[in-house]
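Coordinates from run13.txt are shown below (compact mmCIF, C-alpha atoms).
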```txt
# COMPACT_ATOMS: atom_id res chain seq x y z
CA MET K 1 69.89 140.56 -28.85
CA MET K 2 71.90 143.47 -27.40
CA ARG K 3 75.10 142.26 -25.74
CA TYR K 4 76.90 143.87 -22.82
CA GLU K 5 80.55 142.92 -22.38
CA ASN K 6 81.80 141.64 -19.02
CA GLU K 7 78.29 141.24 -17.62
CA THR K 8 77.58 138.40 -15.22
CA ASN K 9 74.27 136.55 -15.27
CA LEU K 10 73.26 138.54 -12.19
CA ASP K 11 74.10 141.78 -14.00
CA ARG K 12 71.83 140.71 -16.85
CA PHE K 13 69.01 139.79 -14.50
CA LEU K 14 69.18 143.14 -12.73
CA ARG K 15 69.39 145.06 -15.99
CA CYS K 16 66.45 143.24 -17.57
CA THR K 17 64.20 143.55 -14.50
CA THR K 18 64.96 147.16 -13.54
CA PRO K 19 62.07 149.61 -14.06
CA VAL K 20 63.14 152.62 -16.15
CA VAL K 21 60.68 155.49 -15.91
CA PRO K 22 60.27 158.97 -17.42
CA SER K 23 62.06 161.62 -15.38
CA LEU K 24 60.08 164.63 -14.15
CA SER K 25 61.82 167.86 -13.18
CA LEU K 26 60.17 169.49 -10.20
CA PRO K 27 59.39 173.23 -10.62
CA LYS K 28 61.42 175.49 -8.34
CA THR K 29 58.20 176.76 -6.77
CA GLN K 30 57.54 173.22 -5.53
CA ILE K 31 61.10 172.41 -4.44
CA LYS K 32 60.87 174.88 -1.55
CA ASN K 33 57.87 172.98 -0.19
CA LEU K 34 59.74 169.68 0.09
CA ASN K 35 60.67 168.14 3.43
CA ARG K 36 64.14 169.52 4.23
CA LEU K 37 65.13 166.38 6.09
CA TRP K 38 64.85 164.49 2.80
CA TYR K 39 65.82 167.21 0.30
CA PRO K 40 68.50 169.72 1.46
CA LEU K 41 68.07 173.41 0.75
CA GLU K 42 71.10 173.44 -1.56
CA ASN K 43 69.29 171.23 -4.08
CA GLU K 44 68.68 173.46 -7.08
CA SER K 45 66.88 170.76 -9.02
CA VAL K 46 64.98 167.65 -8.03
CA GLU K 47 64.12 164.79 -10.37
CA CYS K 48 61.22 162.47 -9.63
CA PHE K 49 58.86 159.96 -11.22
CA ARG K 50 55.20 159.07 -11.02
CA LEU K 51 54.25 155.79 -9.37
CA SER K 52 51.93 155.13 -12.31
CA ASP K 53 54.96 155.11 -14.64
CA PHE K 54 56.78 152.77 -12.27
CA TRP K 55 53.93 150.23 -12.32
CA ASP K 56 53.57 150.54 -16.10
CA CYS K 57 57.05 149.01 -16.43
CA PHE K 58 55.64 145.77 -15.02
CA ASP K 59 52.68 145.57 -17.39
CA GLU K 60 54.31 143.53 -20.15
CA TRP K 61 56.47 141.60 -17.69
CA SER K 62 53.35 140.56 -15.78
CA ALA K 63 51.73 139.29 -18.96
CA TYR K 64 54.64 137.60 -20.75
CA GLY K 65 57.57 137.58 -18.32
CA ALA K 66 60.84 139.51 -18.38
CA GLY K 67 63.41 137.88 -20.67
CA VAL K 68 66.91 137.55 -19.21
CA PRO K 69 69.85 136.28 -21.34
CA ILE K 70 71.68 133.59 -19.37
CA LEU K 71 75.14 132.20 -20.11
CA SER K 72 75.50 128.62 -18.89
CA GLU K 73 78.69 127.13 -17.46
CA THR K 74 79.16 125.32 -20.78
CA GLY K 75 79.07 128.61 -22.72
CA GLU K 76 75.56 128.15 -24.11
CA THR K 77 73.23 131.17 -24.18
CA LEU K 78 69.48 131.02 -23.58
CA VAL K 79 66.75 133.41 -22.45
CA GLN K 80 64.97 132.73 -19.16
CA TYR K 81 61.64 134.43 -18.50
CA TYR K 82 60.54 135.59 -15.04
CA VAL K 83 57.11 136.82 -13.94
CA PRO K 84 56.97 139.53 -11.23
CA TYR K 85 54.65 139.34 -8.21
CA LEU K 86 54.05 141.97 -5.55
CA SER K 87 55.70 140.71 -2.38
CA ALA K 88 55.49 143.73 -0.08
CA ILE K 89 55.05 147.48 -0.17
CA GLN K 90 55.17 150.30 2.36
CA ILE K 91 54.33 153.87 1.38
CA PHE K 92 54.88 156.82 3.70
CA THR K 93 53.96 160.32 2.54
CA SER K 94 55.45 163.69 3.45
CA HIS K 95 52.13 165.32 4.36
CA PRO K 96 48.85 163.97 5.78
CA ALA K 97 46.85 165.78 3.07
CA LEU K 98 48.33 163.41 0.50
CA ASN K 99 46.64 160.51 2.27
CA ALA K 100 43.24 161.89 1.24
CA LEU K 101 44.02 160.22 -2.08
CA ARG K 102 43.20 156.89 -0.48
CA GLU K 103 39.71 155.66 -1.28
CA GLU K 104 38.46 153.37 1.48
CA THR K 105 35.80 150.75 0.88
CA GLU K 106 32.47 151.38 2.55
CA SER K 107 32.95 148.50 4.93
CA GLY K 108 36.45 149.62 5.86
CA ASP K 109 37.69 146.08 5.26
CA SER K 110 41.48 145.87 5.30
CA GLY K 111 41.47 143.28 2.50
CA SER K 112 42.48 139.65 2.75
CA GLU K 113 42.83 136.58 0.60
CA THR K 114 42.46 132.96 1.59
CA CYS K 115 45.41 130.76 0.73
CA SER K 116 46.29 127.11 1.06
CA ASP K 117 48.00 125.75 4.18
CA GLU K 118 51.04 124.36 2.40
CA TRP K 119 53.09 127.57 2.70
CA ARG K 120 55.30 127.43 5.79
CA TRP K 121 54.49 130.79 7.32
CA GLU K 122 52.59 132.14 10.29
CA GLY K 123 49.15 132.45 8.78
CA CYS K 124 48.59 132.51 5.03
CA SER K 125 46.40 135.47 4.19
CA SER K 126 47.57 138.60 2.47
CA SER K 127 47.84 141.61 4.74
CA GLU K 128 46.85 145.09 3.65
CA GLU K 129 46.49 148.25 5.72
CA GLY K 130 45.60 151.81 4.82
CA LEU K 131 46.76 154.17 7.55
CA ASP K 132 47.15 157.87 8.05
CA HIS K 133 49.05 158.32 11.31
CA GLN K 134 52.45 159.93 11.49
CA GLU K 135 55.55 157.79 11.80
CA PRO K 136 59.14 159.01 12.35
CA LEU K 137 59.66 158.83 8.58
CA GLY K 138 56.37 160.21 7.33
CA TYR K 139 52.65 159.52 7.31
CA SER K 140 51.81 155.88 6.71
CA TYR K 141 49.66 155.57 3.59
CA LEU K 142 49.69 151.90 2.62
CA GLN K 143 51.24 148.65 3.79
CA TYR K 144 50.78 145.33 2.03
CA PHE K 145 52.53 142.03 2.68
CA GLU K 146 51.79 139.00 0.55
CA ARG K 147 51.59 135.64 2.35
CA CYS K 148 50.00 133.40 -0.29
CA THR K 149 51.89 130.62 -2.04
CA PRO K 150 53.32 131.60 -5.44
CA TYR K 151 50.70 129.42 -7.11
CA SER K 152 47.90 131.40 -5.43
CA ARG K 153 49.16 134.84 -6.43
CA VAL K 154 48.29 137.02 -9.38
CA PRO K 155 51.00 138.86 -11.37
CA LEU K 156 52.16 142.19 -10.00
CA MET K 157 50.22 144.43 -12.37
CA ASP K 158 46.93 142.68 -11.58
CA LYS K 159 47.59 143.05 -7.84
CA ILE K 160 48.45 146.76 -8.17
CA LYS K 161 45.29 147.40 -10.16
CA GLY K 162 43.26 145.78 -7.39
CA LEU K 163 44.99 147.77 -4.65
CA GLY K 164 44.70 150.94 -6.73
CA GLU K 165 40.91 150.71 -6.60
CA ARG K 166 41.11 151.41 -2.85
CA HIS K 167 44.33 153.44 -2.80
CA ALA K 168 44.32 155.92 -5.67
CA GLY K 169 47.69 157.30 -4.63
CA LEU K 170 49.34 154.20 -6.08
CA TRP K 171 48.78 155.90 -9.44
CA SER K 172 48.90 159.62 -8.66
CA LEU K 173 51.67 159.99 -6.08
CA ARG K 174 55.17 161.01 -7.15
CA SER K 175 58.45 159.81 -5.72
CA VAL K 176 59.06 163.26 -4.15
CA ASP K 177 55.80 162.88 -2.21
CA LEU K 178 57.19 159.84 -0.42
CA SER K 179 59.56 159.48 2.51
CA PRO K 180 62.84 157.53 2.33
CA ALA K 181 61.07 154.67 4.15
CA SER K 182 58.87 153.93 1.12
CA TRP K 183 59.80 150.73 -0.67
CA VAL K 184 58.50 147.78 -2.65
CA ALA K 185 59.67 144.17 -2.89
CA VAL K 186 59.08 142.16 -6.07
CA ALA K 187 59.23 138.37 -6.22
CA TRP K 188 60.41 136.97 -9.57
CA TYR K 189 59.55 133.38 -10.46
CA PRO K 190 60.87 131.57 -13.56
CA ILE K 191 58.27 130.30 -16.04
CA TYR K 192 60.11 129.05 -19.16
CA HIS K 193 63.27 129.47 -21.18
CA ILE K 194 64.21 129.51 -24.87
CA PRO K 195 65.45 127.16 -26.25
CA MET K 196 63.20 124.81 -24.30
CA ASN K 197 65.35 121.70 -24.74
CA ARG K 198 68.09 122.86 -22.38
CA SER K 199 68.17 121.54 -18.81
CA ILE K 200 70.08 123.74 -16.37
CA LYS K 201 69.22 123.24 -12.71
CA ASP K 202 70.07 126.78 -11.60
CA LEU K 203 67.38 128.22 -13.89
CA SER K 204 64.87 127.38 -11.14
CA THR K 205 66.31 130.18 -8.99
CA CYS K 206 63.71 132.68 -7.69
CA PHE K 207 64.58 136.28 -6.86
CA LEU K 208 63.29 138.87 -4.42
CA THR K 209 64.28 142.44 -5.33
CA TYR K 210 63.93 145.56 -3.18
CA HIS K 211 63.36 149.00 -4.72
CA THR K 212 63.06 152.44 -3.13
CA LEU K 213 60.03 154.50 -4.16
CA SER K 214 61.43 157.79 -2.89
CA SER K 215 63.55 160.32 -4.77
CA SER K 216 65.58 161.15 -1.67
CA PHE K 217 67.98 158.25 -2.22
CA GLN K 218 70.98 159.07 -4.38
CA ASP K 219 71.10 155.54 -5.78
CA VAL K 220 68.07 156.29 -7.94
CA GLN K 221 70.09 157.27 -10.99
CA LYS K 222 69.05 159.18 -14.09
CA GLU K 223 69.69 157.74 -17.51
CA LYS K 224 70.28 160.15 -20.42
CA ARG K 225 68.55 162.89 -18.40
CA GLU K 226 65.14 161.84 -19.62
CA ARG K 227 64.68 158.63 -17.63
CA ILE K 228 65.29 157.27 -14.14
CA SER K 229 66.45 153.73 -13.46
CA VAL K 230 64.91 152.40 -10.24
CA GLY K 231 67.32 149.54 -9.64
CA ALA K 232 67.26 147.00 -6.83
CA PHE K 233 69.21 148.03 -3.72
CA GLY K 234 68.79 144.64 -2.05
CA MET K 235 67.97 141.06 -2.99
CA ALA K 236 67.29 137.57 -1.69
CA THR K 237 67.26 134.32 -3.65
CA TYR K 238 65.74 130.86 -3.37
CA LYS K 239 66.82 127.58 -5.03
CA THR K 240 70.26 128.97 -5.75
CA GLN K 241 72.73 126.23 -6.62
CA GLY K 242 75.87 125.87 -8.69
CA ARG K 243 77.96 128.73 -10.08
CA LEU K 244 75.52 130.28 -12.52
CA TRP K 245 75.07 133.41 -10.42
CA ASP K 246 77.50 135.87 -8.85
CA ASN K 247 77.30 134.43 -5.33
CA ASN K 248 79.56 137.00 -3.67
CA ARG K 249 77.47 139.89 -4.96
CA LEU K 250 74.27 138.05 -4.03
CA LEU K 251 75.53 137.84 -0.45
CA CYS K 252 76.16 141.61 -0.42
CA LEU K 253 72.68 142.36 -1.75
CA LEU K 254 71.18 139.95 0.78
CA SER K 255 72.97 141.74 3.60
CA VAL K 256 71.63 145.11 2.44
CA ALA K 257 68.06 143.77 2.27
CA ASP K 258 68.38 142.25 5.73
CA SER K 259 69.71 145.53 7.18
CA TRP K 260 66.89 147.48 5.53
CA LEU K 261 64.17 145.29 7.05
CA LYS K 262 65.80 145.38 10.48
CA GLN K 263 66.09 149.15 10.33
CA LEU K 264 62.38 149.47 9.59
CA ARG K 265 61.55 146.66 12.06
CA VAL K 266 59.62 144.86 9.36
CA HIS K 267 58.85 141.15 9.24
CA HIS K 268 58.79 140.41 5.53
CA HIS K 269 57.26 136.98 4.98
CA ASP K 270 58.82 136.28 1.60
CA PHE K 271 62.26 137.27 2.86
CA THR K 272 61.92 134.88 5.79
CA TYR K 273 60.90 132.05 3.50
CA PHE K 274 63.62 132.73 0.94
CA THR K 275 66.35 132.84 3.59
CA THR K 276 65.27 129.94 5.80
CA THR K 277 64.58 127.38 3.07
CA PRO K 278 67.27 124.98 1.76
CA TYR K 279 69.25 126.21 -1.28
CA HIS K 280 68.81 129.88 -0.43
CA LEU K 281 71.73 132.30 -0.70
```
Final structure tokens representation of the file:
Amino acid sequence: MMRYENETNLDRFLRCTTPVVPSLSLPKTQIKNLNRLWYPLENESVECFRLSDFWDCFDEWSAYGAGVPILSETGETLVQYYVPYLSAIQIFTSHPALNALREETESGDSGSETCSDEWRWEGCSSSEEGLDHQEPLGYSYLQYFERCTPYSRVPLMDKIKGLGERHAGLWSLRSVDLSPASWVAVAWYPIYHIPMNRSIKDLSTCFLTYHTLSSSFQDVQKEKRERISVGAFGMATYKTQGRLWDNNRLLCLLSVADSWLKQLRVHHHDFTYFTTTPYHL
């Protein structure tokens, strides 16, 4: 197991659940065609990534879980596994022609799933929209907000494959094709830990991470020039107790996520549940 000195448990969680994708260098002939509000003229080079590579990072995690080394308050080390689920996604493109990538069903059905009534939200069906009208921050291509209970959801990769059948751009679009308002939220639920005979109450914590899908944000950092790390810029948690996690940093990440949703005037169902249920942070 690779060890990183001075890492907190939250640092380890973020490191082990951050998608790292191949970096693509945009040809200079294409840079001049980018939206100048998002990419200034002085940019001599622009790095980007394909959405297909971003989703591929979740393939193994969706099947087996992402392993996160956790250091308990007693000094014991174990590995907790988390499975990712698609919580919400909004994609806005820079040009309406890019929205031709969307493949609508013949019926034009917006897509919905029936869920149980035990989840404490307004309604309990998943919401999906494919749009092509212009917004202040681009042309709306896809919006999806999950409302089902965790037990009724399928892992993230399975959900993306289903959405990709109607919205081909989920695979073919690049981060430079998207406006700064494009984002995805991933819900991480714990499934098991190794060794199994340890009982630590804070291992039941669930996480909600927010990631930008656009290259226009400077906090999408390159690693070793060949890869891009698409880390979480915001976070919410549920069932957070004790001192296992870096609570001060969690509060900062929660504030950023809250500001982001307010700025976009988005009602994110998972965020509301995570932050209005006992033991949230």
Item to check | Nearby residues, (76.4, 137.7, -19.4) file frame, 7 Å, only C-alpha atoms, as an NGL selection string | outcome: :K and (6-9 or 12 or 69-71)
Per residue of region 37-97 of chain K within 8 Å of region 184-188 of chain K, record the nearest atom pair and its distance in Å to one decimal, counting all atoms listed in the file, with rows in chain order and ascending residue number, as a tab-separated table.
```
residue	atom	partner	partner_atom	distance
K:Tyr82	CA	K:Trp188	CA	5.6
K:Val83	CA	K:Trp188	CA	5.5
K:Pro84	CA	K:Trp188	CA	4.6
K:Tyr85	CA	K:Ala187	CA	5.1
K:Leu86	CA	K:Val186	CA	5.1
K:Ser87	CA	K:Val186	CA	5.2
K:Ala88	CA	K:Ala185	CA	5.1
K:Ile89	CA	K:Val184	CA	4.3
K:Gln90	CA	K:Val184	CA	6.5
```
Checklist entry - Which one of K:Tyr210, K:Tyr273, K:Phe13, K:Trp183 sits closest to Arg147 (chain K) if you count only C-alpha atoms? => result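 Comparing K:Tyr210, K:Tyr273, K:Phe13, K:Trp183 against Arg147 (chain K), the winner is K:Tyr273.
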Item to check | Counting all atoms listed in the file, the residue of K:Arg50, K:Gly75, K:Gly67, K:Gln263 that sits nearest Arg15 (chain K) | outcome: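 Distance minimum relative to Arg15 (chain K) lands on K:Gly67.
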Item to check | Best match for closeness to Ser62 (chain K) among K:Met157, K:Cys252, K:Leu203, K:Val230, counting only C-alpha atoms | outcome: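 Between K:Met157, K:Cys252, K:Leu203, K:Val230, the residue approaching Ser62 (chain K) most closely is K:Met157.
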Next on the checklist: I'd like to know which of K:Gly162, K:Glu146, K:Ser204, K:Thr212 is closest to His267 (chain K), using all atoms listed in the file.
Outcome noted: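 Looking at the shortest contact to His267 (chain K), the residue is K:Glu146.
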